[in-house]
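Trainee: Take a look at the following structure, please.
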Amino acid sequence: MPGKLKAKIVAGRHLPVMDRASDLTDAFVEVKFGNTTFKTDVYPKSLNPQWNSEWFKFEVDDEDLQDEPLQITVLDHDTYSANDAIGKVYIDIDPLLSSEAATVISGWFPIYDTIHGIRGEINVLVKVELFNDLNRFRQSSCGVKFFCTTSIPRCYRAVMVHGFVEELVVNEDPEYQWIDRIRTPRASNEARQRLISLMSGELQRKIGLKVLEMGGNAVVGYLQCFDLEGESGLVVRAIGTACTLDKLSNTYTPATAINPCNSSPSKDIKDSPQAVPSALGCRSTHSSPVHSASSRLSQGFSVSVPTLLFAGMKHRHRSSDGPRARQCRAGFGEEAPGVPLSSGPPTPLRAQTFSSFSPSKSYSRQSSSSDTELSLTPKTGMGSGGSAGKEAGPLKALLRQQTQTALEQREFPFFTLTSFPPGFLLHVGGVVSARSVKLLDRIHNPALGNTRSYKLLDWNSFTADEPETRDAWWEEIRQEIKSHAKALGCHAVVGYSESTSICEEVCILSASGTAAILSSRFMQDSALDTEHRLSRQQASVFTSGAEKGEGDMGSTASLGFEDLMSPGCAFCHIPYDELNMPFPAQLTYCHCCRRYKVPDVLFTTIDLPTEANVTGKGCLIQARLCRTKKKAQGEGNATAISNLLPFLEYELHTQLMNKLKLRSMNALFGLRIQISVGENMLLGLASATGVYLTALPSPGGIQIAGKTPSDITYEQHISNMQKKINDTIAKNKELYEINPPDLVEEVIGSPIPEPRQRSRLFRSHSESSDEVSELDLSHGKKDAFVLEIDDTDAVEDIHSLLTDAPTPPGFYSCNTEIMPGIYNWTSALQMFTSVRVFRLSNVNLTNQGLNKVFNDLCENLLKSLYFKLRSMVPCCLCHVNFTVAVPEDELIQVAVTAVAMSFDKDQTQENGRQSIDKNLMKAITENEDQLQFPLELSAESSSNPLNSAKGLSEVSGPLPSARAPSVDYSSFTDRCSSWIEQLRLKAHTIRCGSIKTMSSLEKASPLPEGRSRSLRSNRSYAGSSVTVVKMTPLSFIPGTKIIKYLGIINMFFIRETTSLREEGGVSGFLHSFIAEVFAMVRAHVAALGGNAVVSYNMKECVFMENPNKNQAQCLINVSGDAVIFVRESELEATPPQPHSASAQTSSSGEGT
Amino acid sequence: MSMELDVFVGNTTIIDEEVYQLWLDGHSVSDAVRMRLESDALSECEASGEVLHSDTMDQYRTFQMCERLLHCPSKLANQLLFQIPAHRQAMLIERYYEFDHTFAREVLGKKLSKGTKKDLDDISLKTGVALKSCRRQFDNFKRVFKVVEELKGPLVENVQHHFLLSDSLARDYAAVVFFANSRFETGKRKLQYLSFQDFAFCAGQLISYWTVGAVDNMMEDMDVDLEKEFLHDLKDLKVLVNDKDMLDQHKSLVCYQLKGKIKAFSEMEANFKNLSRALINIASKLTNTKDVRDLFIDLVEKFIEPCRSDKWTVGDLTLFLTHYTSTAHTLEMFRFQILWERYMGVIKSCILKMYHD
């Protein structure tokens, strides 16, 4: 009996009128936890009852404490009939279980009813008394802290980063149980809400256990998702990064106080300069190159064929690698979807198309039985059989050994973090992603679709144990990701995330991340003294100087120190051996340090490292694509989808690349590709933040090439277009302040043959190989990017390229945490959610038509956002998170959550200058750390490429060809089952941290206008009891300091109406529901004593309507971290005690 | 192809004051969009009709959802649904309760009943205020009236406290409530030239000096009704016209004071008895509810119109009323100094306010 939960019901207010006769309510409250229920007295005839109940005490296991929510039901007492429910409040008591989080929950909670929405408020007090449980075999994991934040939370220090944790639980969806036919919608919704609450509690507990097992005490970057699989059930799954965190005790020291929050997410973390052996996560990251290479061959290239066709044919599966790869490749034209499995000769186009990523991927849909075998044991033997011989003997042995350990630990070297403690991230290899199309089984419903489920059972050797099936699915995908990372010469994947898209019985599982090499030394504790902290800060000051793009200043400086470090450029250096590149890329010497090779373009899923040298500003880049699909059922549908996916991804990348070039940028951060499947279409949306990395070569322009030069008007047309494009590029350069220092390339001497510096994009797939050499349009402009127009499709593409409306003046946007080039945030911020659903007319739409509709939808949505937020100018939309869905046949749903943050325009320049002065000191202090790297680096870079090379031997396109100019790279790249962008990081530079923001701190105006203006209102509102709670998807709030994390907020709501018209139609319904969700989140945070939610995320927004029946239903799932923040200005004035902090901030919060 | 659903929800509720005003003024969404498109303020944003439509819809929805709360402004401060900074809340409330004076002028003194509500179409036509807006304003009047009607204490403060309005707006509401309660006649043709502001001023005077609360602030008083006792006592003033000596004496004192100071002296001299009789008669009749209602029409018919026909200037009138009031104190036989002062103070300022074209 290790815990006592106590709850007290204080009062209610604004209750609805339940008794028409008296216009009053006789309310009482039921408090339920587990199977125990208490009731308050009836408070008669009042809309503002004062129950002031005794303390209700529940004596429970801590396991239950973690799983169960406290359930409070407000009812209206009725003497003669059944009591009417007014509404409910679910309180997650998890935050009370950790000693460092909240100690009491006390406050007003909205009383929520799934049919009527919020109906009044109730004031509740909840406390928990925990007894220590030393039982080693306990099932609970109380005390493990959870954070949604994808960086080390401020005010904590990472002692050790253990690595990936994942778990999933499965249940039947109450909505699909037989009983649902006879119960009320309210009962059904409540059953669902309660079930999901229970399941997420259980999931969190199980993950907590894993963390404890690993020796950690926290999960960072916790991402929990629901898959509503309809009749086949409900899956709740979560991933995260296990860490050991230490609370920073010196939160109030001047050093941290001057550190502004609007900078790097990781700035507050002390890092350790000492290399520590055997960090768990790191070992595993080193682990399995052999393993990976093989897996790439055996599994990675499996094509999107439903299991049904290939069931049980492991052998064929493997042997058909070649043809399948070809199939992928062959299909870039419109006719592609129909291409049979083994058709078409290899075409070379892929390689030339993308210099830095290979667009091929695997859409494996394999039977889970064969899958497991493939991905786990046999792979090593099989895949590496031929190639292992090529490897150097000792190295191989070593790697084997490491693989072994990794396997023992059953670890995926994945990290859900997107920004890192300084020095943690050494090199970044590029984006890896994997998708898999699965058919949802119906094993829970043997009565329905009996035959099918029987078949499925047969093939997949299902034993009706669903979690294991789902586990296997994810396992398979993760293995694939892991192998892709290996192919990039990386031993870890960072910025890792997983998602699903479900339509009827087809489910696309996706995973993506950024291959990286991590430093082991930052996985272990070592106290860092203030000196180090300071030096790091100065270091970062230096880099911000470079970021300002102050031409020679920046570059000379970096040249001068290149022996010691490569500030902000090291991570761009390729992690793989340039002779054994896993895919073709145009390498040049780093434009900062001139010593290491860098690729010409980088794509990553992580946030921009704070120390990165960036020229100018960044911007949001989106690729949008719609593809029609024939309606189909079951396996046929799965096949069709899998066939479409490669083209979808390929085109998304083409678009991304084109748009990147058009903005004269050379790197993408925070890349997130969402593929959503509907009955008759597939939607693809890729969002990322484009930046110009100073270290990377300047992107060339875009050249348009016509295919029929004979026609004069056509030529004219082309040249017009070319002119437009050039103009746009010039305009964009100005807009984003991209004026990189003019470097004389020749002096540096590129070792790469000239032709390879050109990247081409060919629209035509068949002839392109012949033309590679002839079509040299680039002349002197060595980097020109060629767009060939050979059909109307291509013309469309170029048009759409140019029709992307520029952001209005004063606005910037990005989908990462912060915008490079903007440092002086004010504290004005506005988080918002916007949802649009567009109905397509039922006329048969072409792909192009669909594309345009979808594109317009997104563009218009952005335009509307800019308009709405015009009062905040100059401002930046940060963390712009688009979610697309196809809720019904002809509906497209787009939801955006982002935060608009104002900044001060004038201070940018100064910061840059100030920072430069300090770089010297930093260089000196960094000196020591430096020495440890070269060894580590060389070891890795030599070993990994070998592995990938060995992979090549089995492939039709041999390695040498990949390096030759204008040759067929495609056969190789096609096989990379992930598309890949490379990036490289050197660890110490990361520590340069967040300087830019530092100097802005003093100037930041902490009080928004609103506060001073509210003078008058003091008269009437002095008594207002509502705490202002800020919400942001970012991990920080500019100009403030987070002093305490109160626990994770993870809430799931269902709202349903049977009077849609009366509630203002679908818009009115959803509008009030979203507002209600916000209100409930704020109320819970306020009750925990917090005044903000950081890392807020709306993970799910499922909207269904039936206007004919006047009905609609919506499910929303949100998460975030409840925190207490204080304004920096206040912090400096009076270092507050933690107790007083909340009071202080609640008043300060009123500003915005 | 159409937008099925389009919503925008901010953690801090975004309120565009301009759109709010359009909504309050009762414009439809499409009208509002058109007006916004035409306004210069937005031209720099280059907002298309589509964007404006979406924005306007969102704003209108927000206002509709807020409206329920605005009916009880104190709820707005402690509701949880919308996070609105305090100063914006104040703005929302103030604007919601603001009303068109032309509209208020029409309903002034009328019973705030369903019957009147039915006449709103006519009022809307007459005043040019949109019917929707008329309804809102009327409902506001009614709501405020209902709440403060039975409350004790100063009327203005009651309005302010319950509806969180600014001082000046609370005063206007006090006037509306006061007029509605006492049902003063304001609709006669002869009163048409008077604006809402004129009446509001008079109401303020009446509330300040003629109600129970005016004499004794300590009392738990009712501010809505005129003090019965005072009205009854006013009968005593009749002595000023009934006693011929006193009337003559009063006249000579006033004439002495005004000689050479006002242009309309001769007219004044000729008319003094009539004017004085008019004012005293009004006073003595106020015990009768019907006559209380006719206070303003009586003032106009019996006093203001004769003066106006004699072409008195405002200055003349001011001097006359000042001395008319003050000289009464010097009358030996006149014992009702305080009563007289209380009566004439209000009458004087009302007449001066009402004396215009």
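The chains in the structure tokens are called A, B, ... from first to last as shown; in each chain the residues are counted from 1, and the ligands are counted from 1 in the order shown.
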Could you pull out the helix (DSSP H, G or I) residues of region 128-218 of chain A, going by DSSP on the backbone, and write them as a PyMOL selection string?
Mentor: chain A and resi 174-176+178-181+185-214
Trainee: Using only C-alpha atoms, which protein or nucleic acid residues come within 7 Å of Phe58 (chain A)? Drop anything in the same chain fewer than 6 positions from it, and give the result as a list in words.
Mentor: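 The contact residues come out as Lys4, Leu5 and Lys6 of chain A.
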Trainee: Taking only C-alpha atoms into account, find every residue of chain B that has an atom no more than 7 Å from chain A, and write it out as a count of residues only.
Mentor: 25
Trainee: Please report the interatomic distance between CA of Met901 (chain A) and CA of Phe147 (chain A) in Å with one decimal.
Mentor: 22.8 Å
Trainee: Smallest atom-to-atom distance to Phe603 (chain A): which of A:Ser433, A:Gln716, A:Asn637, A:Ser519, using only C-alpha atoms?
Mentor: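 Looking at the shortest contact to Phe603 (chain A), the residue is A:Ser433.
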Trainee: Can you work out which one of A:Asn658, A:Thr628, A:Ser520, A:Thr615 has the shortest atom-to-atom distance to Gly678 (chain A), counting only C-alpha atoms?
Mentor: A:Thr628
Trainee: Near Asn1108 (chain A), within 12 Å and counting only C-alpha atoms, which residues show up once chain neighbours fewer than 2 positions away are dropped, as a VMD selection string?
Mentor: chain A and resid 1058 to 1061 1065 1105 to 1106 1110 to 1112
Trainee: With N, CA and C atoms retained, could you export that selection as a compact mmCIF listing (two decimals), in the first residue's frame?
Mentor:
```txt
# COMPACT_ATOMS: atom_id res chain seq x y z
N THR A 1058 -24.89 16.59 -31.36
CA THR A 1058 -26.00 16.16 -32.20
C THR A 1058 -26.82 17.37 -32.60
N SER A 1059 -26.26 18.53 -32.35
CA SER A 1059 -26.94 19.75 -32.77
C SER A 1059 -25.92 20.67 -33.43
N LEU A 1060 -25.38 20.16 -34.50
CA LEU A 1060 -24.28 20.84 -35.17
C LEU A 1060 -24.68 22.25 -35.62
N ARG A 1061 -25.82 22.36 -36.25
CA ARG A 1061 -26.23 23.67 -36.76
C ARG A 1061 -26.36 24.68 -35.62
N GLY A 1065 -22.45 25.35 -36.81
CA GLY A 1065 -21.88 24.54 -37.88
C GLY A 1065 -20.56 23.92 -37.47
N GLU A 1105 -17.69 14.39 -39.42
CA GLU A 1105 -18.97 15.08 -39.40
C GLU A 1105 -20.00 14.32 -40.20
N ASN A 1106 -21.21 14.60 -39.86
CA ASN A 1106 -22.31 14.07 -40.64
C ASN A 1106 -23.40 15.13 -40.67
N ASN A 1110 -26.87 16.22 -38.67
CA ASN A 1110 -26.62 17.32 -37.75
C ASN A 1110 -25.65 16.90 -36.64
N GLN A 1111 -24.73 16.02 -37.00
CA GLN A 1111 -23.81 15.50 -35.99
C GLN A 1111 -22.36 15.76 -36.37
N ALA A 1112 -21.53 15.81 -35.36
CA ALA A 1112 -20.10 15.87 -35.59
C ALA A 1112 -19.39 15.32 -34.37
```
Trainee: What is the distance between CA of Met681 (chain A) and CA of Glu231 (chain A), in Å to one decimal?
Mentor: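 So the two atoms, CA of Met681 (chain A) and CA of Glu231 (chain A), lie 22.0 Å apart.
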Trainee: Can you work out which one of B:Glu301, B:Phe334, B:Phe103, B:Met91 has the shortest atom-to-atom distance to Glu17 (chain B), counting only C-alpha atoms?
Mentor: B:Met91
